[in-house]
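Novice: Just input_13.csv, nothing more (CSV, C-alpha atoms and all ligand atoms):
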```csv
chain,number,residue,atom,x,y,z
A,1,MET,CA,-107.7,14.4,-114.7
A,2,LYS,CA,-109.6,12.9,-111.8
A,3,THR,CA,-109.3,9.4,-113.3
A,4,PHE,CA,-105.6,9.9,-113.9
A,5,LEU,CA,-105.1,11.0,-110.3
A,6,ARG,CA,-107.0,8.0,-109.1
A,7,TRP,CA,-105.0,5.7,-111.3
A,8,PHE,CA,-101.7,7.3,-110.3
A,9,GLY,CA,-102.6,7.0,-106.7
A,10,LEU,CA,-103.4,3.3,-107.1
A,11,ALA,CA,-100.2,2.7,-109.0
A,12,LEU,CA,-98.2,4.4,-106.3
A,13,CYS,CA,-99.9,2.3,-103.6
A,14,VAL,CA,-99.0,-0.9,-105.5
A,15,ALA,CA,-95.4,0.2,-106.0
A,16,MET,CA,-95.1,1.1,-102.3
A,17,ALA,CA,-96.5,-2.2,-101.2
A,18,GLY,CA,-93.9,-3.8,-103.4
A,19,CYS,CA,-91.1,-1.9,-101.8
A,20,GLY,CA,-92.4,-2.8,-98.4
A,21,LYS,CA,-92.2,-6.5,-99.0
A,22,LYS,CA,-89.4,-8.3,-97.3
A,23,THR,CA,-86.8,-9.8,-99.6
A,24,GLU,CA,-85.3,-12.5,-97.5
A,25,SER,CA,-88.2,-14.9,-97.3
A,26,THR,CA,-91.1,-16.1,-99.3
A,27,THR,CA,-93.8,-14.8,-96.9
A,28,ASP,CA,-95.5,-11.5,-97.2
A,29,VAL,CA,-95.0,-9.0,-94.4
A,30,THR,CA,-95.3,-5.3,-94.9
A,31,VAL,CA,-92.3,-3.6,-93.4
A,32,ARG,CA,-93.0,-0.6,-91.3
A,33,PRO,CA,-90.5,2.2,-91.0
A,34,ALA,CA,-87.9,1.9,-88.2
A,35,ALA,CA,-89.4,1.9,-84.7
A,36,LYS,CA,-89.4,5.1,-82.8
A,37,VAL,CA,-87.5,4.8,-79.6
A,38,SER,CA,-89.8,2.8,-77.3
A,39,ASP,CA,-90.3,3.4,-73.6
A,40,GLU,CA,-90.7,-0.4,-73.3
A,41,ILE,CA,-88.4,-3.3,-74.1
A,42,LEU,CA,-90.3,-5.2,-76.7
A,43,ILE,CA,-89.7,-9.0,-76.7
A,44,GLY,CA,-91.3,-11.3,-79.2
A,45,GLU,CA,-92.8,-14.7,-78.4
A,46,TYR,CA,-94.0,-17.3,-80.9
A,47,GLY,CA,-95.7,-20.5,-80.1
A,48,SER,CA,-98.6,-22.9,-80.7
A,49,MET,CA,-101.5,-21.3,-78.8
A,50,THR,CA,-103.9,-23.5,-80.9
A,51,GLY,CA,-103.7,-26.8,-82.7
A,52,SER,CA,-102.7,-30.3,-81.7
A,53,THR,CA,-99.7,-29.1,-79.6
A,54,ALA,CA,-101.5,-26.1,-78.1
A,55,THR,CA,-100.5,-27.0,-74.5
A,56,PHE,CA,-96.9,-26.3,-75.5
A,57,GLY,CA,-97.5,-22.7,-76.4
A,58,ILE,CA,-100.1,-22.0,-73.7
A,59,GLY,CA,-97.9,-23.4,-70.9
A,60,THR,CA,-94.8,-21.5,-72.1
A,61,HIS,CA,-96.7,-18.3,-72.3
A,62,LYS,CA,-98.0,-18.7,-68.8
A,63,GLY,CA,-94.5,-19.2,-67.5
A,64,ILE,CA,-93.1,-16.2,-69.5
A,65,MET,CA,-95.8,-13.9,-68.2
A,66,ILE,CA,-95.0,-14.8,-64.6
A,67,ALA,CA,-91.4,-13.8,-65.2
A,68,VAL,CA,-92.6,-10.6,-67.0
A,69,ASP,CA,-94.8,-9.5,-64.1
A,70,GLU,CA,-92.1,-10.2,-61.6
A,71,ILE,CA,-89.5,-8.1,-63.5
A,72,ASN,CA,-91.9,-5.3,-64.1
A,73,ASP,CA,-92.9,-5.2,-60.5
A,74,LYS,CA,-89.3,-4.6,-59.7
A,75,GLY,CA,-89.1,-1.7,-62.2
A,76,GLY,CA,-88.3,-3.6,-65.4
A,77,ILE,CA,-84.9,-3.8,-67.1
A,78,LEU,CA,-82.6,-0.8,-67.8
A,79,GLY,CA,-85.3,1.5,-66.5
A,80,LYS,CA,-87.9,0.2,-68.9
A,81,LYS,CA,-90.9,-2.1,-68.6
A,82,VAL,CA,-90.8,-5.4,-70.5
A,83,LYS,CA,-93.6,-6.0,-73.0
A,84,ILE,CA,-94.2,-9.4,-74.7
A,85,LEU,CA,-95.7,-9.5,-78.2
A,86,LEU,CA,-97.1,-12.9,-78.8
A,87,GLU,CA,-97.8,-14.6,-82.2
A,88,ASP,CA,-99.7,-17.9,-82.5
A,89,ASP,CA,-98.1,-20.1,-85.1
A,90,GLN,CA,-100.5,-23.1,-84.5
A,91,GLY,CA,-97.5,-25.4,-84.2
A,92,ASP,CA,-96.9,-25.0,-88.0
A,93,ALA,CA,-93.4,-24.5,-89.3
A,94,LYS,CA,-94.5,-22.1,-92.1
A,95,GLN,CA,-96.5,-20.0,-89.8
A,96,ALA,CA,-93.6,-20.0,-87.3
A,97,ASN,CA,-91.4,-18.5,-90.0
A,98,ASN,CA,-94.1,-15.8,-90.7
A,99,ALA,CA,-94.7,-15.1,-87.1
A,100,VAL,CA,-91.0,-14.3,-86.4
A,101,LEU,CA,-90.9,-12.1,-89.5
A,102,LYS,CA,-93.8,-10.1,-88.2
A,103,LEU,CA,-92.2,-9.7,-84.8
A,104,ILE,CA,-89.0,-8.5,-86.3
A,105,LYS,CA,-90.1,-6.4,-89.2
A,106,ARG,CA,-93.4,-5.1,-88.0
A,107,ASP,CA,-93.0,-4.9,-84.2
A,108,HIS,CA,-89.2,-4.3,-84.0
A,109,VAL,CA,-88.7,-6.6,-81.1
A,110,VAL,CA,-85.2,-6.8,-79.6
A,111,ALA,CA,-85.2,-10.5,-79.0
A,112,ILE,CA,-87.4,-13.6,-79.4
A,113,LEU,CA,-88.6,-16.4,-77.1
A,114,GLY,CA,-89.7,-19.6,-78.8
A,115,GLU,CA,-90.5,-22.1,-80.1
A,116,VAL,CA,-91.2,-25.3,-78.2
A,117,ALA,CA,-91.5,-27.7,-81.2
A,118,SER,CA,-88.2,-28.1,-82.9
A,119,SER,CA,-89.6,-28.0,-86.5
A,120,CYS,CA,-91.0,-24.5,-85.7
A,121,SER,CA,-87.7,-23.3,-84.2
A,122,ARG,CA,-85.8,-24.6,-87.1
A,123,ALA,CA,-88.1,-22.8,-89.6
A,124,ALA,CA,-87.8,-19.5,-87.7
A,125,ALA,CA,-84.2,-19.5,-86.6
A,126,PRO,CA,-82.7,-18.5,-90.0
A,127,ILE,CA,-84.9,-15.3,-90.0
A,128,CYS,CA,-83.6,-14.4,-86.6
A,129,GLN,CA,-80.1,-15.1,-87.6
A,130,GLU,CA,-80.3,-13.0,-90.8
A,131,ASN,CA,-81.8,-10.1,-88.9
A,132,LYS,CA,-79.4,-10.4,-86.0
A,133,ILE,CA,-82.2,-10.7,-83.5
A,134,PRO,CA,-81.3,-13.2,-80.7
A,135,MET,CA,-83.7,-16.1,-80.4
A,136,LEU,CA,-83.8,-18.2,-77.2
A,137,SER,CA,-85.8,-21.4,-77.4
A,138,PRO,CA,-87.0,-22.6,-74.0
A,139,ALA,CA,-87.7,-26.2,-75.1
A,140,SER,CA,-86.6,-27.2,-78.6
A,141,THR,CA,-84.3,-30.1,-78.1
A,142,ASN,CA,-83.4,-31.1,-81.7
A,143,ILE,CA,-79.6,-30.7,-82.1
A,144,GLU,CA,-79.9,-28.7,-85.4
A,145,VAL,CA,-81.8,-25.8,-83.9
A,146,THR,CA,-78.9,-23.8,-82.5
A,147,ARG,CA,-76.7,-24.7,-85.5
A,148,ASN,CA,-78.5,-22.0,-87.5
A,149,GLY,CA,-76.0,-19.4,-86.2
A,150,ASP,CA,-74.6,-17.4,-83.4
A,151,TYR,CA,-77.9,-15.6,-82.6
A,152,ILE,CA,-79.7,-18.8,-81.8
A,153,PHE,CA,-79.7,-20.2,-78.3
A,154,ARG,CA,-81.7,-22.7,-76.2
A,155,SER,CA,-82.0,-23.1,-72.4
A,156,CYS,CA,-82.9,-26.8,-72.5
A,157,PHE,CA,-81.0,-30.0,-73.0
A,158,VAL,CA,-80.5,-31.6,-76.4
A,159,ASP,CA,-81.9,-34.8,-77.9
A,160,PRO,CA,-78.5,-36.7,-78.1
A,161,PHE,CA,-78.7,-36.5,-74.2
A,162,GLN,CA,-82.4,-37.2,-74.0
A,163,GLY,CA,-82.3,-40.1,-76.4
A,164,ALA,CA,-79.4,-41.7,-74.6
A,165,VAL,CA,-81.2,-41.5,-71.3
A,166,ILE,CA,-84.4,-43.0,-72.8
A,167,SER,CA,-82.5,-46.0,-74.3
A,168,LYS,CA,-80.6,-46.6,-71.1
A,169,PHE,CA,-83.7,-46.4,-69.0
A,170,ALA,CA,-85.3,-49.0,-71.3
A,171,PHE,CA,-82.3,-51.3,-71.3
A,172,ALA,CA,-80.9,-51.0,-67.8
A,173,THR,CA,-83.9,-50.1,-65.6
A,174,LEU,CA,-86.7,-51.8,-67.5
A,175,LYS,CA,-84.5,-54.6,-68.8
A,176,ALA,CA,-85.8,-54.4,-72.3
A,177,ARG,CA,-83.6,-56.2,-74.9
A,178,THR,CA,-85.8,-55.7,-77.9
A,179,GLY,CA,-87.7,-52.6,-78.9
A,180,ALA,CA,-90.0,-51.3,-81.6
A,181,ILE,CA,-90.0,-47.7,-82.6
A,182,LEU,CA,-92.6,-45.4,-84.1
A,183,THR,CA,-91.4,-42.1,-85.6
A,184,ASP,CA,-93.4,-39.1,-86.7
A,185,LYS,CA,-91.6,-38.8,-90.0
A,186,ASN,CA,-92.5,-35.1,-90.6
A,187,SER,CA,-91.2,-33.9,-87.2
A,188,ALA,CA,-87.6,-32.9,-87.0
A,189,TYR,CA,-87.8,-33.6,-83.2
A,190,SER,CA,-89.2,-37.1,-83.7
A,191,VAL,CA,-86.8,-38.1,-86.5
A,192,GLY,CA,-83.8,-36.8,-84.6
A,193,LEU,CA,-84.7,-38.4,-81.3
A,194,ALA,CA,-85.6,-41.7,-82.9
A,195,GLN,CA,-82.2,-41.8,-84.5
A,196,VAL,CA,-80.4,-41.3,-81.2
A,197,ILE,CA,-82.6,-43.9,-79.4
A,198,LYS,CA,-81.9,-46.5,-82.1
A,199,GLU,CA,-78.1,-45.9,-82.0
A,200,GLU,CA,-77.9,-45.9,-78.2
A,201,PHE,CA,-80.1,-48.9,-77.8
A,202,ALA,CA,-78.0,-50.8,-80.3
A,203,LYS,CA,-74.8,-49.8,-78.5
A,204,MET,CA,-75.9,-51.4,-75.3
A,205,GLY,CA,-76.8,-54.6,-77.1
A,206,GLY,CA,-80.5,-53.9,-77.6
A,207,LYS,CA,-82.2,-54.8,-80.9
A,208,ILE,CA,-84.8,-52.8,-82.8
A,209,VAL,CA,-87.3,-55.5,-84.1
A,210,ALA,CA,-89.8,-53.1,-85.8
A,211,ASP,CA,-89.2,-49.6,-87.2
A,212,GLU,CA,-92.4,-47.9,-88.2
A,213,SER,CA,-93.5,-44.3,-88.9
A,214,TYR,CA,-96.6,-42.1,-88.9
A,215,GLN,CA,-97.3,-38.4,-89.6
A,216,ALA,CA,-98.5,-35.8,-87.1
A,217,ASN,CA,-102.3,-35.7,-86.8
A,218,ASP,CA,-102.8,-39.2,-88.1
A,219,LYS,CA,-105.8,-40.9,-86.5
A,220,GLU,CA,-105.2,-44.5,-87.5
A,221,PHE,CA,-102.1,-46.3,-86.2
A,222,LYS,CA,-103.3,-49.9,-86.3
A,223,PRO,CA,-101.4,-51.1,-89.4
A,224,GLN,CA,-98.1,-50.1,-87.9
A,225,LEU,CA,-99.2,-51.4,-84.5
A,226,THR,CA,-100.1,-54.7,-86.0
A,227,THR,CA,-96.6,-55.1,-87.4
A,228,ILE,CA,-95.2,-54.1,-84.0
A,229,ARG,CA,-97.4,-56.7,-82.2
A,230,GLU,CA,-96.1,-59.4,-84.4
A,231,ALA,CA,-92.5,-58.5,-83.7
A,232,LYS,CA,-93.1,-59.0,-79.9
A,233,PRO,CA,-90.8,-56.2,-78.6
A,234,ASP,CA,-90.1,-55.8,-74.9
A,235,ILE,CA,-90.7,-52.1,-75.2
A,236,ILE,CA,-92.1,-49.6,-77.7
A,237,PHE,CA,-90.4,-46.2,-78.2
A,238,VAL,CA,-92.6,-43.4,-79.4
A,239,PRO,CA,-90.7,-40.1,-79.6
A,240,GLY,CA,-93.6,-38.0,-80.7
A,241,TYR,CA,-96.1,-35.3,-79.5
A,242,TYR,CA,-98.8,-35.9,-77.0
A,243,THR,CA,-102.0,-36.0,-79.1
A,244,ASP,CA,-100.6,-38.6,-81.5
A,245,CYS,CA,-98.9,-40.6,-78.7
A,246,ALA,CA,-102.1,-40.8,-76.6
A,247,LEU,CA,-104.2,-41.9,-79.5
A,248,LEU,CA,-101.6,-44.4,-80.5
A,249,ALA,CA,-101.5,-45.9,-77.0
A,250,ILE,CA,-105.3,-46.4,-77.0
A,251,GLN,CA,-105.1,-48.3,-80.3
A,252,ALA,CA,-102.1,-50.3,-79.1
A,253,ARG,CA,-104.1,-51.5,-76.0
A,254,GLU,CA,-107.1,-52.2,-78.3
A,255,LEU,CA,-104.9,-54.5,-80.2
A,256,GLY,CA,-103.8,-56.3,-77.1
A,257,ILE,CA,-100.4,-54.8,-76.9
A,258,THR,CA,-99.5,-54.6,-73.2
A,259,GLN,CA,-95.8,-53.7,-73.4
A,260,PRO,CA,-94.8,-50.3,-71.9
A,261,ILE,CA,-94.5,-47.4,-74.3
A,262,ILE,CA,-91.8,-44.9,-73.7
A,263,GLY,CA,-91.4,-41.4,-75.1
A,264,GLY,CA,-89.6,-38.1,-74.7
A,265,ASP,CA,-90.6,-34.6,-73.6
A,266,GLY,CA,-93.2,-34.4,-76.3
A,267,TRP,CA,-95.4,-36.5,-74.0
A,268,ASP,CA,-95.4,-33.8,-71.3
A,269,SER,CA,-98.9,-32.5,-71.4
A,270,GLU,CA,-102.0,-32.9,-69.2
A,271,LYS,CA,-103.6,-34.0,-72.4
A,272,THR,CA,-101.6,-37.2,-72.5
A,273,THR,CA,-103.7,-38.7,-69.7
A,274,GLU,CA,-106.8,-36.8,-70.6
A,275,ILE,CA,-106.8,-38.3,-74.1
A,276,GLY,CA,-105.0,-41.5,-73.4
A,277,GLY,CA,-106.9,-42.5,-70.2
A,278,ALA,CA,-106.0,-46.0,-68.9
A,279,ALA,CA,-104.1,-46.7,-72.1
A,280,VAL,CA,-101.1,-44.6,-71.0
A,281,ASN,CA,-100.9,-46.1,-67.5
A,282,GLY,CA,-97.5,-47.8,-67.2
A,283,CYS,CA,-96.0,-45.7,-69.9
A,284,TYR,CA,-92.8,-43.6,-69.4
A,285,PHE,CA,-91.4,-40.4,-70.7
A,286,SER,CA,-88.4,-38.2,-70.1
A,287,THR,CA,-88.8,-34.5,-69.5
A,288,HIS,CA,-87.4,-31.3,-67.9
A,289,TYR,CA,-89.0,-31.1,-64.5
A,290,HIS,CA,-91.3,-32.8,-62.0
A,291,GLN,CA,-93.8,-30.9,-59.9
A,292,ASP,CA,-92.9,-32.8,-56.7
A,293,ASP,CA,-89.2,-31.9,-56.8
A,294,PRO,CA,-88.4,-30.7,-53.3
A,295,ARG,CA,-85.9,-28.0,-54.3
A,296,PRO,CA,-87.0,-24.5,-53.0
A,297,GLU,CA,-87.0,-22.9,-56.5
A,298,VAL,CA,-89.5,-25.5,-57.7
A,299,ARG,CA,-91.7,-25.3,-54.6
A,300,SER,CA,-92.1,-21.6,-54.8
A,301,PHE,CA,-92.7,-21.6,-58.5
A,302,VAL,CA,-95.3,-24.4,-58.3
A,303,GLU,CA,-97.1,-22.5,-55.4
A,304,LYS,CA,-97.2,-19.3,-57.3
A,305,PHE,CA,-98.4,-20.9,-60.5
A,306,LYS,CA,-101.1,-22.9,-58.7
A,307,LYS,CA,-102.4,-19.7,-57.1
A,308,LEU,CA,-102.7,-18.0,-60.5
A,309,HIS,CA,-103.9,-20.9,-62.6
A,310,GLN,CA,-105.4,-23.4,-60.1
A,311,SER,CA,-103.3,-26.2,-61.5
A,312,ALA,CA,-99.6,-27.3,-61.3
A,313,PRO,CA,-97.3,-26.0,-64.0
A,314,ASP,CA,-96.2,-28.4,-66.8
A,315,SER,CA,-92.6,-28.4,-68.1
A,316,MET,CA,-93.3,-25.8,-70.7
A,317,ALA,CA,-94.4,-23.3,-68.0
A,318,VAL,CA,-91.2,-23.9,-66.1
A,319,LEU,CA,-89.0,-23.7,-69.2
A,320,GLY,CA,-90.8,-20.5,-70.4
A,321,TYR,CA,-90.2,-18.9,-67.0
A,322,ASP,CA,-86.6,-19.9,-67.0
A,323,ALA,CA,-85.9,-18.8,-70.6
A,324,ALA,CA,-87.6,-15.4,-70.0
A,325,ASN,CA,-85.5,-14.8,-66.9
A,326,ILE,CA,-82.3,-15.8,-68.7
A,327,LEU,CA,-83.1,-13.3,-71.4
A,328,PHE,CA,-83.9,-10.5,-69.0
A,329,ASP,CA,-80.7,-11.2,-67.1
A,330,ALA,CA,-78.7,-11.1,-70.4
A,331,ILE,CA,-80.3,-7.8,-71.4
A,332,ARG,CA,-79.5,-6.3,-68.0
A,333,ARG,CA,-75.9,-7.5,-68.3
A,334,ALA,CA,-75.7,-6.2,-71.9
A,335,GLY,CA,-76.7,-2.8,-70.6
A,336,LYS,CA,-78.4,-2.1,-74.0
A,337,THR,CA,-80.8,-3.8,-76.4
A,338,GLU,CA,-78.7,-4.1,-79.6
A,339,GLY,CA,-78.9,-7.6,-81.0
A,340,SER,CA,-75.2,-8.2,-80.9
A,341,ALA,CA,-74.9,-7.1,-77.2
A,342,ILE,CA,-77.8,-9.3,-76.1
A,343,ARG,CA,-76.2,-12.2,-78.1
A,344,ASP,CA,-72.9,-11.8,-76.3
A,345,ALA,CA,-74.6,-11.6,-72.9
A,346,LEU,CA,-76.7,-14.7,-73.6
A,347,ALA,CA,-73.6,-16.6,-74.7
A,348,ALA,CA,-71.9,-15.6,-71.4
A,349,THR,CA,-74.8,-17.1,-69.2
A,350,LYS,CA,-73.2,-19.1,-66.4
A,351,ASP,CA,-74.7,-20.9,-63.4
A,352,PHE,CA,-78.0,-19.1,-63.8
A,353,GLN,CA,-80.3,-20.5,-61.1
A,354,GLY,CA,-83.5,-21.4,-62.9
A,355,VAL,CA,-86.4,-23.5,-61.7
A,356,SER,CA,-85.7,-26.4,-64.0
A,357,ASP,CA,-82.0,-26.5,-63.0
A,358,LYS,CA,-78.8,-24.3,-62.8
A,359,ILE,CA,-78.2,-23.2,-66.4
A,360,THR,CA,-75.0,-22.5,-68.2
A,361,ILE,CA,-75.0,-21.8,-72.0
A,362,ASP,CA,-72.2,-23.8,-73.6
A,363,LYS,CA,-70.1,-22.8,-76.7
A,364,ASP,CA,-72.7,-24.4,-79.0
A,365,ARG,CA,-75.4,-22.2,-77.4
A,366,ASN,CA,-77.1,-25.1,-75.7
A,367,ALA,CA,-77.7,-25.8,-72.0
A,368,LEU,CA,-76.4,-28.7,-70.0
A,369,LYS,CA,-79.2,-29.8,-67.6
A,370,GLY,CA,-80.7,-32.6,-65.7
A,371,LEU,CA,-83.5,-34.8,-67.0
A,372,VAL,CA,-86.3,-36.5,-65.3
A,373,VAL,CA,-88.0,-39.8,-66.2
A,374,ILE,CA,-91.7,-39.9,-65.4
A,375,LYS,CA,-93.9,-42.9,-65.0
A,376,ILE,CA,-97.6,-42.6,-65.7
A,377,ASP,CA,-99.4,-44.3,-62.9
A,378,GLU,CA,-103.2,-44.3,-62.4
A,379,GLY,CA,-103.4,-41.2,-64.6
A,380,LYS,CA,-100.7,-39.4,-62.6
A,381,PHE,CA,-97.2,-38.3,-63.6
A,382,THR,CA,-94.9,-39.9,-61.0
A,383,PHE,CA,-91.2,-39.4,-60.6
A,384,ALA,CA,-89.1,-42.4,-61.7
A,385,GLU,CA,-85.5,-41.2,-62.1
A,386,LEU,CA,-83.3,-38.1,-62.2
A,387,VAL,CA,-80.4,-38.1,-64.6
A,388,LYS,CA,-77.6,-35.5,-64.5
A,389,PRO,CA,-75.5,-35.0,-67.6
A,390,THR,CA,-71.8,-35.5,-67.4
A,391,PRO,CA,-70.1,-32.2,-68.3
B,401,LIG,N1,-88.4,-31.0,-77.1
B,401,LIG,C1,-89.6,-30.9,-78.0
B,401,LIG,C2,-89.1,-30.5,-79.4
B,401,LIG,O1,-88.0,-30.1,-79.5
B,401,LIG,C3,-90.6,-29.9,-77.5
B,401,LIG,C4,-91.0,-30.1,-76.1
B,401,LIG,C5,-90.3,-29.6,-75.0
B,401,LIG,C6,-92.2,-30.8,-75.8
B,401,LIG,C7,-90.7,-29.7,-73.7
B,401,LIG,C8,-92.6,-30.9,-74.5
B,401,LIG,C9,-91.9,-30.4,-73.4
B,401,LIG,O2,-89.8,-30.5,-80.3
```
Represent the supplied structure as structure tokens.
Ligand code: PHE
Specialist:
Amino acid sequence: MKTFLRWFGLALCVAMAGCGKKTESTTDVTVRPAAKVSDEILIGEYGSMTGSTATFGIGTHKGIMIAVDEINDKGGILGKKVKILLEDDQGDAKQANNAVLKLIKRDHVVAILGEVASSCSRAAAPICQENKIPMLSPASTNIEVTRNGDYIFRSCFVDPFQGAVISKFAFATLKARTGAILTDKNSAYSVGLAQVIKEEFAKMGGKIVADESYQANDKEFKPQLTTIREAKPDIIFVPGYYTDCALLAIQARELGITQPIIGGDGWDSEKTTEIGGAAVNGCYFSTHYHQDDPRPEVRSFVEKFKKLHQSAPDSMAVLGYDAANILFDAIRRAGKTEGSAIRDALAATKDFQGVSDKITIDKDRNALKGLVVIKIDEGKFTFAELVKPTP
């Protein structure tokens, strides 16, 4: 009898575990019973807190937490304190998918902030959409991200705009007529941005003379760089993420390639100069904000951040702060935390004064915002150009 009971108990556990498994994805997450009414507003955040894009997740989280502390000091939203539940996805798309699943099924969050890297946002967005949990990406610029459905938003500009600005800056400001391009072929962000850069550069009369690729976390770029050196381009476009780009710049200089390298917001990390050293001097990248911007919103955020963290915020901190505040404002306007109500309020976001810019969410759930071009000079990010989008 004892043995039978033990066996029966085990069988029951297995059966129950089977029931608990989610059906809509391939990852295993044990589903807990519906959440009891919480005295806090639970918001999920997923990002790369570790790995080769760790500054993206860490910076974003710092910005989000400043917004959370500010709102909670004022009494929270709808009479409740806000609590952030953070999942580290290591910058990996599969883990991003799993992280979001945990936040929704296990933690019962009412909305989700993240990701920075577009591949991660693209992997997680379908889960949010299926579960009708609004997702707001502070920083993913790939055009496809918000096409996953009406619950998926971003509060940053998109790559068709960023790519056009990069090409124009290369052609008109730097007078480049020929360019080489190096794409991270496994990154949705890099592939999408490279496509726009090529098209826009060609439209202006520029010519791509070498078109090479690599994969994130590669350590050896010399074969591609040798091809590029032979093609003698005026400029080299590298729309990738900072760790790869910095290593690539070092190897380019070792090969005697002196032309400027230009990238997008994926270069925006203190690690770019830390890893790249002198090799990245004279390089350019486009991004979302510059710390010397004299606007009062920027000044007060930079001061506050410096007091807390003893360093200036990067773009991710600013974007995380803005995204969190946009979401809080939407929840307040919604007056409740149902997914559909938050979704409708997010969609109605208009002229929200953020630190990065004034933010309006358009009908495609994207934001129309200004972009900054940075020049790396003597190891410092210096302001080169501000470009406003034409509505
Ligand atoms: N825009 C990048 C992407 O979509 C992420 C990023 C944003 C990186 C801002 C740095 C700064 O993948």
Novice: How close does each residue of chain A get to ligand LIG 401 (chain B), giving the shortest atom pair and distance in Å to one decimal for every residue with an atom at most 6 Å away, counting all atoms listed in the file, sorted by chain and residue number, as JSON lines?
Specialist:
```
{"residue": "A:Val116", "atom": "CA", "partner": "B:LIG401", "partner_atom": "C3", "distance": 4.7}
{"residue": "A:Ala117", "atom": "CA", "partner": "B:LIG401", "partner_atom": "O2", "distance": 3.4}
{"residue": "A:Ser118", "atom": "CA", "partner": "B:LIG401", "partner_atom": "O2", "distance": 3.9}
{"residue": "A:Ala139", "atom": "CA", "partner": "B:LIG401", "partner_atom": "C5", "distance": 4.3}
{"residue": "A:Ser140", "atom": "CA", "partner": "B:LIG401", "partner_atom": "O1", "distance": 3.3}
{"residue": "A:Thr141", "atom": "CA", "partner": "B:LIG401", "partner_atom": "O1", "distance": 4.0}
{"residue": "A:Asn142", "atom": "CA", "partner": "B:LIG401", "partner_atom": "O1", "distance": 5.2}
{"residue": "A:Tyr189", "atom": "CA", "partner": "B:LIG401", "partner_atom": "O2", "distance": 4.7}
{"residue": "A:Asp265", "atom": "CA", "partner": "B:LIG401", "partner_atom": "C8", "distance": 4.3}
{"residue": "A:Gly266", "atom": "CA", "partner": "B:LIG401", "partner_atom": "C6", "distance": 3.8}
{"residue": "A:Asp268", "atom": "CA", "partner": "B:LIG401", "partner_atom": "C8", "distance": 5.1}
{"residue": "A:Ser315", "atom": "CA", "partner": "B:LIG401", "partner_atom": "C9", "distance": 5.7}
{"residue": "A:Met316", "atom": "CA", "partner": "B:LIG401", "partner_atom": "C9", "distance": 5.5}
```
Novice: Generate a file of the selected residues that holds C-alpha atoms, formatted as a JSON list (two decimals), in the coordinates of the input.
Specialist:
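Below you can see selection-v3.json, which holds the result:
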```
[["chain", "number", "residue", "atom", "x", "y", "z"],
["A", 116, "VAL", "CA", -91.20, -25.30, -78.20],
["A", 117, "ALA", "CA", -91.50, -27.70, -81.20],
["A", 118, "SER", "CA", -88.20, -28.10, -82.90],
["A", 139, "ALA", "CA", -87.70, -26.20, -75.10],
["A", 140, "SER", "CA", -86.60, -27.20, -78.60],
["A", 141, "THR", "CA", -84.30, -30.10, -78.10],
["A", 142, "ASN", "CA", -83.40, -31.10, -81.70],
["A", 189, "TYR", "CA", -87.80, -33.60, -83.20],
["A", 265, "ASP", "CA", -90.60, -34.60, -73.60],
["A", 266, "GLY", "CA", -93.20, -34.40, -76.30],
["A", 268, "ASP", "CA", -95.40, -33.80, -71.30],
["A", 315, "SER", "CA", -92.60, -28.40, -68.10],
["A", 316, "MET", "CA", -93.30, -25.80, -70.70]]
```
Novice: Could you produce a table of the residues of segment 254-335 of chain A lying within 12 Å of segment 51-56 of chain A, with the nearest pair of atoms per residue and their separation in Å rounded to one decimal, using only C-alpha atoms, ordered by chain and increasing residue number, as CSV?
Specialist:
```
residue,atom,partner,partner_atom,distance
A:Asp265,CA,A:Phe56,CA,10.6
A:Gly266,CA,A:Phe56,CA,8.9
A:Trp267,CA,A:Thr53,CA,10.2
A:Asp268,CA,A:Phe56,CA,8.7
A:Ser269,CA,A:Thr55,CA,6.5
A:Glu270,CA,A:Thr55,CA,8.1
A:Lys271,CA,A:Thr55,CA,7.9
A:Thr272,CA,A:Thr55,CA,10.5
A:Ile275,CA,A:Ser52,CA,11.8
A:Pro313,CA,A:Thr55,CA,11.0
A:Asp314,CA,A:Thr55,CA,8.9
A:Ser315,CA,A:Phe56,CA,8.8
A:Met316,CA,A:Phe56,CA,6.0
A:Ala317,CA,A:Phe56,CA,8.5
A:Val318,CA,A:Phe56,CA,11.3
A:Leu319,CA,A:Phe56,CA,10.4
A:Gly320,CA,A:Phe56,CA,9.8
```
Novice: Using only C-alpha atoms, which residues of segment 80-156 of chain A come within 9 Å of segment 360-375 of chain A, and what is the closest atom pair for each, with the distance in Å to one decimal? Give it as a tab-separated table, sorted by chain and residue number.
Specialist:
```
residue	atom	partner	partner_atom	distance
A:Ile143	CA	A:Asn366	CA	8.9
A:Thr146	CA	A:Arg365	CA	6.4
A:Arg147	CA	A:Asp364	CA	7.6
A:Asp150	CA	A:Arg365	CA	7.7
A:Tyr151	CA	A:Arg365	CA	8.8
A:Ile152	CA	A:Arg365	CA	7.0
A:Phe153	CA	A:Arg365	CA	4.8
A:Arg154	CA	A:Asn366	CA	5.2
A:Ser155	CA	A:Ala367	CA	5.1
A:Cys156	CA	A:Ala367	CA	5.3
```
Novice: Using C-alpha atoms, can you write the selected residues to a file as an mmCIF file, in the coordinates of the input?
Specialist:
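Produced file result.cif, reproduced below:
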```
data_model
loop_
_atom_site.group_PDB
_atom_site.id
_atom_site.type_symbol
_atom_site.label_atom_id
_atom_site.label_comp_id
_atom_site.auth_asym_id
_atom_site.auth_seq_id
_atom_site.Cartn_x
_atom_site.Cartn_y
_atom_site.Cartn_z
ATOM 1 C CA ILE A 143 -79.600 -30.700 -82.100
ATOM 2 C CA THR A 146 -78.900 -23.800 -82.500
ATOM 3 C CA ARG A 147 -76.700 -24.700 -85.500
ATOM 4 C CA ASP A 150 -74.600 -17.400 -83.400
ATOM 5 C CA TYR A 151 -77.900 -15.600 -82.600
ATOM 6 C CA ILE A 152 -79.700 -18.800 -81.800
ATOM 7 C CA PHE A 153 -79.700 -20.200 -78.300
ATOM 8 C CA ARG A 154 -81.700 -22.700 -76.200
ATOM 9 C CA SER A 155 -82.000 -23.100 -72.400
ATOM 10 C CA CYS A 156 -82.900 -26.800 -72.500
#
```
